[in-house]
Amino acid sequence: MKQTLTIRGLTLKHRQRTLVDRVELTLKAGQVHALVGASGSGKSLTSLGILDLLPPGVHCSGASLLLDGQAVDAAQLRGRQVALVLQNPRSAFNPVRSLRQHALETLHVRGLQGLEAEQLIQATLHEVGLHDDQRVLDSFAFQLSGGMLQRMMIALALLADSRFLLADEPTSDLDVVAQARFLDLLQRLVEQRNLGVLLITHDMGVVARCADQVSVMAHGRIVEQADVHQLFNAPQSQEARTLLAAHHSLTMESCAP
Amino acid sequence: MSFIQVRDLEHGYSAGGLFSKRHRVQVLSGLNLDLHEGQSLGLLGGSGSGKSTLARLLMGLESADRGSIVFKGQPPFLQRVQMVFQDALSAFNPQRSIGWSIAEPLRHLSDMDAAACRARVEQLLQQVQLEARDIDKLPAQLSGGQLQRAGIARAMAIGPQLIILDEALSNLDRVLQVQILDLLAQVRRESGTGFLLITHDLSLVQRFCQRVVVLAEGKLVEDLPVTAQMRFTHPAARTLQEAVLPAMPRARSVRDHVDARTLEKL
């Protein structure tokens, strides 16, 4: 059982400009690690950098990945040990393939086919709350809602039997009700399947709801790392205080007795 | 005397392709709403509840199947009602400068000359805290938050009595949302403009609005003054209220207890 995924000294550059500067992160199985920061602070690039899926022109200068202390290559991790869930689920699927084809392809990589694969797909879809499984599987990405596609992305991650999940703003495009359901699901999987999650968000409400550890990012650097309670009660960095001030100015009135 | 009266509004669409079976989707059925002058009203509803349809009807972009919308005894008109859209980037002409776009309502709805238009745009930019040099920039050169403020400036240009914000803050991060709500509150105090804030996020309504209505099943199911203690009673409205994210992390033991309960349900 894989227990920890450690990222050391992740530095990303575009020409001479440093976009992400020596980021260190550790994901633990059964925990949600939130990565927060303002727009443009380098959160998304960090998640792409971990899996070596960088956009053209951006290159990685020095980073090491350790899975349970063993050095590993990003190409071995992605789609297998580590799955990625993106903000805009519609563009993450192949538009001319049905979701069944996506699921079968994922299982094919694991060497599962035929009836066994069908049964596993059905069970996994139920697990993520897609109960109308045959309709969903026959559909194409444009025929389903954003919330359903986000669930399908998680289902694909489970089918790949990933131990770790990188979720980049997974709920920003969902309405509050779909967001609450998605976070419920995420938390259930973390507990039942012992999944380790890196949750990237700008919403401290999401952090309060489901994170265990928090890293705060500003200008490409991690400026604070703390337990969620410690961060909310005694933020150290300016960045964390700004995010919490905005969050509290929207929520404190609604929860005041 | 109410500023806008909506009576027995009904509206729907046809869904389905050209060659497949057509379905009739009834979006609004029997909706009544009275809007008071200078009030900021929150319109809350889940995805697909018909919030944007109602906004389009109020703007006069579409005409309703049945029922009436009356503005002080007259039909809707752009001089009185303006709108700010969710996706700011697609709401601006990408080939024209910000200043040109903000002046567009002035060119069509007022008889200002070019110099007066420019002076008004400069004043508006200042009001929404954009810089004077942004007037010649293209939409792609501004960030999402700046562009949304430009959208607000355009809506304010003609001095409407009501500005409709259709999920206009949903794509922004929390820090920007709070900044823009504070800006709008200032506009309301200074000019007496009324606002209709359309959103699925109750926390924004609680920060900015004086009154809230909830849209579900094609009609308004709640109509309350906004207070810290307000509680909805309709099931659809309660779902929205319960989905609001917590202000502080829960203690671990409480969280485990709640999770155990959700598990039982599943």
# chains A, B, ... in the order shown; residues from 1 in each chain; ligands from 1
call {"tool": "select_by_dssp", "arguments": {"residues": "segment 40-101 of chain B", "states": "helix (DSSP H, G or I)", "output": "MDAnalysis selection string"}}
result
chainID B and resid 51:59 89:91 98:101
call {"tool": "write_last_selection", "arguments": {"atoms": "N, CA and C atoms", "output": "mmCIF file, in the first residue's frame"}}
result
data_model
loop_
_atom_site.group_PDB
_atom_site.id
_atom_site.type_symbol
_atom_site.label_atom_id
_atom_site.label_comp_id
_atom_site.auth_asym_id
_atom_site.auth_seq_id
_atom_site.Cartn_x
_atom_site.Cartn_y
_atom_site.Cartn_z
ATOM 1 N N LYS B 51 -33.333 31.159 -13.487
ATOM 2 C CA LYS B 51 -32.870 32.489 -13.081
ATOM 3 C C LYS B 51 -32.519 33.360 -14.279
ATOM 4 N N SER B 52 -31.738 32.781 -15.199
ATOM 5 C CA SER B 52 -31.299 33.567 -16.344
ATOM 6 C C SER B 52 -32.451 33.858 -17.294
ATOM 7 N N THR B 53 -33.400 32.940 -17.396
ATOM 8 C CA THR B 53 -34.584 33.180 -18.221
ATOM 9 C C THR B 53 -35.338 34.400 -17.700
ATOM 10 N N LEU B 54 -35.502 34.462 -16.397
ATOM 11 C CA LEU B 54 -36.199 35.600 -15.808
ATOM 12 C C LEU B 54 -35.439 36.899 -16.105
ATOM 13 N N ALA B 55 -34.094 36.838 -16.009
ATOM 14 C CA ALA B 55 -33.289 38.026 -16.292
ATOM 15 C C ALA B 55 -33.477 38.483 -17.728
ATOM 16 N N ARG B 56 -33.483 37.539 -18.650
ATOM 17 C CA ARG B 56 -33.635 37.889 -20.072
ATOM 18 C C ARG B 56 -35.000 38.503 -20.341
ATOM 19 N N LEU B 57 -36.008 38.008 -19.654
ATOM 20 C CA LEU B 57 -37.343 38.567 -19.831
ATOM 21 C C LEU B 57 -37.410 39.974 -19.253
ATOM 22 N N LEU B 58 -36.780 40.174 -18.074
ATOM 23 C CA LEU B 58 -36.778 41.504 -17.452
ATOM 24 C C LEU B 58 -36.050 42.523 -18.332
ATOM 25 N N MET B 59 -35.005 42.064 -19.006
ATOM 26 C CA MET B 59 -34.234 42.939 -19.882
ATOM 27 C C MET B 59 -34.977 43.231 -21.177
ATOM 28 N N LEU B 89 -15.321 38.062 -20.471
ATOM 29 C CA LEU B 89 -14.503 38.101 -21.681
ATOM 30 C C LEU B 89 -15.378 38.015 -22.938
ATOM 31 N N SER B 90 -16.399 37.151 -22.908
ATOM 32 C CA SER B 90 -17.226 37.010 -24.098
ATOM 33 C C SER B 90 -18.283 38.110 -24.177
ATOM 34 N N ALA B 91 -18.397 38.943 -23.149
ATOM 35 C CA ALA B 91 -19.383 40.025 -23.172
ATOM 36 C C ALA B 91 -18.799 41.304 -23.770
ATOM 37 N N ILE B 98 -11.702 48.933 -24.416
ATOM 38 C CA ILE B 98 -12.611 48.954 -23.279
ATOM 39 C C ILE B 98 -13.454 50.236 -23.292
ATOM 40 N N GLY B 99 -12.789 51.363 -23.596
ATOM 41 C CA GLY B 99 -13.491 52.642 -23.617
ATOM 42 C C GLY B 99 -14.621 52.652 -24.641
ATOM 43 N N TRP B 100 -14.352 52.067 -25.812
ATOM 44 C CA TRP B 100 -15.363 52.006 -26.875
ATOM 45 C C TRP B 100 -16.575 51.202 -26.401
ATOM 46 N N SER B 101 -16.306 50.073 -25.747
ATOM 47 C CA SER B 101 -17.402 49.213 -25.289
ATOM 48 C C SER B 101 -18.222 49.878 -24.190
#
call {"tool": "residues_around", "arguments": {"residues": "Ala155 of chain A", "least_positions_apart": "2", "cutoff": "12 Å", "atoms": "only C-alpha atoms", "output": "PyMOL selection string"}}
result
chain A and resi 83-85+99-100+102-104+106-107+120-130+133+136-137+148-153+157-162+165+185-186+189
call {"tool": "write_last_selection", "arguments": {"atoms": "C-alpha atoms", "output": "mmCIF file, in the first residue's frame"}}
result
data_model
loop_
_atom_site.group_PDB
_atom_site.id
_atom_site.type_symbol
_atom_site.label_atom_id
_atom_site.label_comp_id
_atom_site.auth_asym_id
_atom_site.auth_seq_id
_atom_site.Cartn_x
_atom_site.Cartn_y
_atom_site.Cartn_z
ATOM 1 C CA ALA A 83 -4.877 10.811 -11.167
ATOM 2 C CA LEU A 84 -5.730 14.369 -12.102
ATOM 3 C CA VAL A 85 -9.166 16.036 -11.850
ATOM 4 C CA LEU A 99 -17.730 7.732 -21.615
ATOM 5 C CA ARG A 100 -17.843 3.927 -21.849
ATOM 6 C CA HIS A 102 -13.018 6.283 -21.724
ATOM 7 C CA ALA A 103 -13.654 3.808 -18.908
ATOM 8 C CA LEU A 104 -12.679 0.753 -20.977
ATOM 9 C CA THR A 106 -8.517 3.159 -18.498
ATOM 10 C CA LEU A 107 -9.086 -0.488 -17.531
ATOM 11 C CA LEU A 120 -16.075 -3.001 -12.248
ATOM 12 C CA ILE A 121 -17.199 0.042 -14.276
ATOM 13 C CA GLN A 122 -20.780 -0.401 -13.119
ATOM 14 C CA ALA A 123 -19.780 -0.745 -9.471
ATOM 15 C CA THR A 124 -17.484 2.287 -9.644
ATOM 16 C CA LEU A 125 -20.126 4.496 -11.221
ATOM 17 C CA HIS A 126 -22.505 3.592 -8.408
ATOM 18 C CA GLU A 127 -19.767 4.346 -5.907
ATOM 19 C CA VAL A 128 -19.423 7.928 -7.184
ATOM 20 C CA GLY A 129 -23.204 8.388 -7.261
ATOM 21 C CA LEU A 130 -23.882 7.969 -10.991
ATOM 22 C CA ASP A 133 -24.946 4.090 -15.249
ATOM 23 C CA VAL A 136 -24.103 7.897 -18.556
ATOM 24 C CA LEU A 137 -21.794 5.370 -20.231
ATOM 25 C CA MET A 148 -21.894 14.473 -13.567
ATOM 26 C CA LEU A 149 -18.664 14.860 -15.548
ATOM 27 C CA GLN A 150 -16.734 15.704 -12.376
ATOM 28 C CA ARG A 151 -18.032 12.465 -10.850
ATOM 29 C CA MET A 152 -17.057 10.573 -13.984
ATOM 30 C CA MET A 153 -13.502 11.963 -13.711
ATOM 31 C CA ALA A 157 -9.352 7.827 -11.244
ATOM 32 C CA LEU A 158 -10.809 4.986 -9.145
ATOM 33 C CA LEU A 159 -10.830 2.643 -12.149
ATOM 34 C CA ALA A 160 -7.133 3.344 -12.650
ATOM 35 C CA ASP A 161 -6.785 2.290 -8.993
ATOM 36 C CA SER A 162 -4.931 5.542 -8.231
ATOM 37 C CA LEU A 165 -5.642 12.383 -6.609
ATOM 38 C CA LEU A 185 -18.038 12.177 -2.249
ATOM 39 C CA LEU A 186 -14.393 13.212 -2.029
ATOM 40 C CA LEU A 189 -13.469 8.193 -0.773
#
call {"tool": "interface_residues", "arguments": {"of": "chain A", "to": "chain B", "cutoff": "6 Å", "atoms": "only C-alpha atoms", "output": "VMD selection string"}}
result
chain A and resid 176 to 177 180 205 208 to 209 246 250 to 251 253 to 254
call {"tool": "write_last_selection", "arguments": {"atoms": "N, CA and C atoms", "output": "PDB file, in the first residue's frame"}}
result
ATOM      1  N   VAL A 176     -23.506  25.637  -5.883  1.00  0.00           N
ATOM      2  CA  VAL A 176     -23.210  25.269  -4.490  1.00  0.00           C
ATOM      3  C   VAL A 176     -23.717  23.886  -4.110  1.00  0.00           C
ATOM      4  N   VAL A 177     -24.856  23.479  -4.692  1.00  0.00           N
ATOM      5  CA  VAL A 177     -25.415  22.186  -4.325  1.00  0.00           C
ATOM      6  C   VAL A 177     -24.559  21.059  -4.895  1.00  0.00           C
ATOM      7  N   ALA A 180     -21.353  20.838  -2.902  1.00  0.00           N
ATOM      8  CA  ALA A 180     -21.487  20.145  -1.618  1.00  0.00           C
ATOM      9  C   ALA A 180     -21.497  18.634  -1.831  1.00  0.00           C
ATOM     10  N   GLY A 205     -13.742  28.321   2.115  1.00  0.00           N
ATOM     11  CA  GLY A 205     -14.891  27.521   2.544  1.00  0.00           C
ATOM     12  C   GLY A 205     -14.669  26.047   2.230  1.00  0.00           C
ATOM     13  N   ALA A 208     -12.134  24.778   4.700  1.00  0.00           N
ATOM     14  CA  ALA A 208     -12.734  24.540   6.019  1.00  0.00           C
ATOM     15  C   ALA A 208     -13.547  23.259   6.011  1.00  0.00           C
ATOM     16  N   ARG A 209     -14.200  23.006   4.892  1.00  0.00           N
ATOM     17  CA  ARG A 209     -15.085  21.865   4.797  1.00  0.00           C
ATOM     18  C   ARG A 209     -14.341  20.534   4.804  1.00  0.00           C
ATOM     19  N   ALA A 246     -11.318  37.760   3.303  1.00  0.00           N
ATOM     20  CA  ALA A 246     -12.369  37.736   2.277  1.00  0.00           C
ATOM     21  C   ALA A 246     -13.403  36.662   2.609  1.00  0.00           C
ATOM     22  N   LEU A 250     -17.611  37.166   3.990  1.00  0.00           N
ATOM     23  CA  LEU A 250     -18.790  36.594   3.334  1.00  0.00           C
ATOM     24  C   LEU A 250     -19.538  35.606   4.218  1.00  0.00           C
ATOM     25  N   THR A 251     -18.847  34.987   5.171  1.00  0.00           N
ATOM     26  CA  THR A 251     -19.513  33.907   5.904  1.00  0.00           C
ATOM     27  C   THR A 251     -19.873  34.249   7.336  1.00  0.00           C
ATOM     28  N   GLU A 253     -21.310  36.724   8.785  1.00  0.00           N
ATOM     29  CA  GLU A 253     -22.664  37.222   9.041  1.00  0.00           C
ATOM     30  C   GLU A 253     -23.676  36.088   9.016  1.00  0.00           C
ATOM     31  N   SER A 254     -23.447  35.128   8.081  1.00  0.00           N
ATOM     32  CA  SER A 254     -24.442  34.077   7.933  1.00  0.00           C
ATOM     33  C   SER A 254     -24.372  33.052   9.044  1.00  0.00           C
TER      34      SER A 254
END
call {"tool": "residues_around", "arguments": {"residues": "segment 227-241 of chain A", "least_positions_apart": "2", "cutoff": "6 Å", "atoms": "only C-alpha atoms", "output": "CSV table (one decimal) with C-alpha atoms, in the first residue's frame"}}
result
chain,number,residue,atom,x,y,z
A,212,ASP,CA,-6.6,18.3,6.9
A,213,GLN,CA,-3.3,20.2,5.9
A,214,VAL,CA,-3.0,23.5,4.1
A,243,LEU,CA,-7.8,34.9,1.9
A,244,LEU,CA,-9.3,34.4,5.3
A,245,ALA,CA,-10.5,38.1,5.6
call {"tool": "closest_residue", "arguments": {"among": "A:Ser172, A:Ser39, A:Ser47, A:Asn194", "to": "Thr11 of chain A", "atoms": "only C-alpha atoms"}}
result
A:Ser47
call {"tool": "select_by_dssp", "arguments": {"residues": "segment 5-239 of chain A", "states": "strand (DSSP E or B)", "output": "compact mmCIF listing (two decimals) with C-alpha atoms, in the first residue's frame"}}
result
# COMPACT_ATOMS: atom_id res chain seq x y z
CA LEU A 5 3.89 11.01 -2.13
CA THR A 6 6.56 13.66 -1.61
CA ILE A 7 7.45 16.44 -4.02
CA ARG A 8 10.82 18.08 -3.43
CA GLY A 9 12.26 21.27 -4.88
CA LEU A 10 9.77 21.70 -7.73
CA THR A 11 10.96 24.70 -9.76
CA LEU A 12 9.25 25.72 -12.99
CA LYS A 13 10.53 28.37 -15.38
CA HIS A 14 9.37 30.11 -18.51
CA ARG A 17 11.29 33.80 -15.30
CA THR A 18 10.68 31.59 -12.29
CA LEU A 19 6.97 30.71 -12.03
CA VAL A 20 7.14 28.12 -9.29
CA ASP A 21 9.99 28.29 -6.83
CA ARG A 22 11.22 25.26 -4.86
CA VAL A 23 7.85 23.89 -3.84
CA GLU A 24 7.85 21.09 -1.27
CA LEU A 25 4.69 19.07 -0.65
CA THR A 26 3.84 15.78 1.00
CA LEU A 27 0.56 13.97 0.37
CA LYS A 28 -0.48 11.30 2.84
CA VAL A 32 -6.72 16.01 2.07
CA HIS A 33 -3.93 18.51 1.54
CA ALA A 34 -5.27 21.85 0.32
CA LEU A 35 -3.15 24.16 -1.82
CA VAL A 36 -4.57 27.70 -1.70
CA VAL A 58 7.47 26.01 -19.40
CA HIS A 59 10.21 23.71 -18.21
CA CYS A 60 11.03 22.05 -14.96
CA SER A 64 12.24 14.93 -7.30
CA LEU A 65 9.23 12.75 -6.63
CA LEU A 66 9.31 10.18 -3.88
CA LEU A 67 6.67 7.48 -3.51
CA GLN A 70 11.53 5.71 -3.39
CA ALA A 71 12.44 8.05 -6.25
CA VAL A 72 9.95 7.75 -9.13
CA ARG A 78 0.28 9.70 -14.01
CA VAL A 82 -1.74 9.55 -9.41
CA ALA A 83 -4.88 10.81 -11.17
CA LEU A 84 -5.73 14.37 -12.10
CA VAL A 85 -9.17 16.04 -11.85
CA PHE A 164 -3.42 9.78 -5.04
CA LEU A 165 -5.64 12.38 -6.61
CA LEU A 166 -4.66 15.87 -7.73
CA ALA A 167 -7.82 17.98 -7.96
CA ASP A 168 -7.37 21.43 -9.53
CA GLY A 196 -4.47 10.91 -0.65
CA VAL A 197 -5.70 14.16 -2.17
CA LEU A 198 -4.10 17.43 -3.22
CA LEU A 199 -7.01 19.86 -3.42
CA ILE A 200 -6.24 23.12 -5.22
CA THR A 201 -8.72 25.91 -4.49
CA GLN A 213 -3.34 20.15 5.94
CA VAL A 214 -3.04 23.45 4.08
CA SER A 215 -0.23 24.99 2.02
CA VAL A 216 -0.58 28.67 1.11
CA MET A 217 1.03 29.81 -2.11
CA ALA A 218 1.98 33.33 -3.26
CA ARG A 221 6.33 30.05 -3.43
CA ILE A 222 4.78 28.23 -0.52
CA VAL A 223 4.60 30.88 2.20
CA GLU A 224 2.85 28.87 4.88
CA GLN A 225 2.17 25.22 5.69
CA ALA A 226 -0.08 24.35 8.61
CA ASP A 227 -2.78 22.15 10.03
call {"tool": "residues_around", "arguments": {"residues": "segment 105-118 of chain B", "least_positions_apart": "4", "cutoff": "8 Å", "atoms": "only C-alpha atoms", "output": "JSON list (two decimals) with N, CA and C atoms, in the first residue's frame"}}
result
[["chain", "number", "residue", "atom", "x", "y", "z"],
["B", 79, "GLN", "N", -32.82, 51.72, -21.41],
["B", 79, "GLN", "CA", -32.41, 52.93, -20.72],
["B", 79, "GLN", "C", -32.64, 52.81, -19.21],
["B", 99, "GLY", "N", -12.79, 51.36, -23.60],
["B", 99, "GLY", "CA", -13.49, 52.64, -23.62],
["B", 99, "GLY", "C", -14.62, 52.65, -24.64],
["B", 122, "GLU", "N", -14.43, 58.22, -18.70],
["B", 122, "GLU", "CA", -13.33, 58.43, -17.74],
["B", 122, "GLU", "C", -13.86, 58.48, -16.31],
["B", 154, "ARG", "N", -19.97, 49.73, -17.81],
["B", 154, "ARG", "CA", -20.82, 49.83, -19.00],
["B", 154, "ARG", "C", -22.29, 49.80, -18.61],
["B", 157, "ALA", "N", -23.32, 53.19, -17.34],
["B", 157, "ALA", "CA", -23.08, 54.35, -18.20],
["B", 157, "ALA", "C", -24.32, 55.22, -18.41],
["B", 158, "ILE", "N", -25.44, 54.61, -18.71],
["B", 158, "ILE", "CA", -26.62, 55.37, -19.10],
["B", 158, "ILE", "C", -27.45, 55.80, -17.88]]
call {"tool": "residues_around", "arguments": {"residues": "Phe195 of chain B", "least_positions_apart": "2", "cutoff": "9 Å", "atoms": "only C-alpha atoms", "output": "PyMOL selection string"}}
result
chain B and resi 38-42+161-165+184+188+193+197+209
call {"tool": "residues_around", "arguments": {"residues": "Phe77 of chain B", "least_positions_apart": "5", "cutoff": "10 Å", "atoms": "only C-alpha atoms", "output": "PDB file with N, CA and C atoms, in the first residue's frame"}}
result
ATOM      1  N   LEU B  58     -36.780  40.174 -18.074  1.00  0.00           N
ATOM      2  CA  LEU B  58     -36.778  41.504 -17.452  1.00  0.00           C
ATOM      3  C   LEU B  58     -36.050  42.523 -18.332  1.00  0.00           C
ATOM      4  N   MET B  59     -35.005  42.064 -19.006  1.00  0.00           N
ATOM      5  CA  MET B  59     -34.234  42.939 -19.882  1.00  0.00           C
ATOM      6  C   MET B  59     -34.977  43.231 -21.177  1.00  0.00           C
ATOM      7  N   GLY B  60     -35.987  42.432 -21.488  1.00  0.00           N
ATOM      8  CA  GLY B  60     -36.674  42.596 -22.758  1.00  0.00           C
ATOM      9  C   GLY B  60     -35.932  41.934 -23.904  1.00  0.00           C
ATOM     10  N   LEU B  61     -34.983  41.050 -23.610  1.00  0.00           N
ATOM     11  CA  LEU B  61     -34.260  40.341 -24.669  1.00  0.00           C
ATOM     12  C   LEU B  61     -35.131  39.273 -25.309  1.00  0.00           C
ATOM     13  N   PHE B  71     -42.736  48.288 -16.129  1.00  0.00           N
ATOM     14  CA  PHE B  71     -41.829  49.199 -15.443  1.00  0.00           C
ATOM     15  C   PHE B  71     -42.533  50.526 -15.282  1.00  0.00           C
ATOM     16  N   GLN B  82     -30.101  47.634 -17.146  1.00  0.00           N
ATOM     17  CA  GLN B  82     -28.888  47.168 -17.791  1.00  0.00           C
ATOM     18  C   GLN B  82     -28.442  45.883 -17.107  1.00  0.00           C
ATOM     19  N   PRO B 160     -29.003  53.688 -15.428  1.00  0.00           N
ATOM     20  CA  PRO B 160     -30.259  52.935 -15.361  1.00  0.00           C
ATOM     21  C   PRO B 160     -30.815  52.927 -13.942  1.00  0.00           C
TER      22      PRO B 160
END
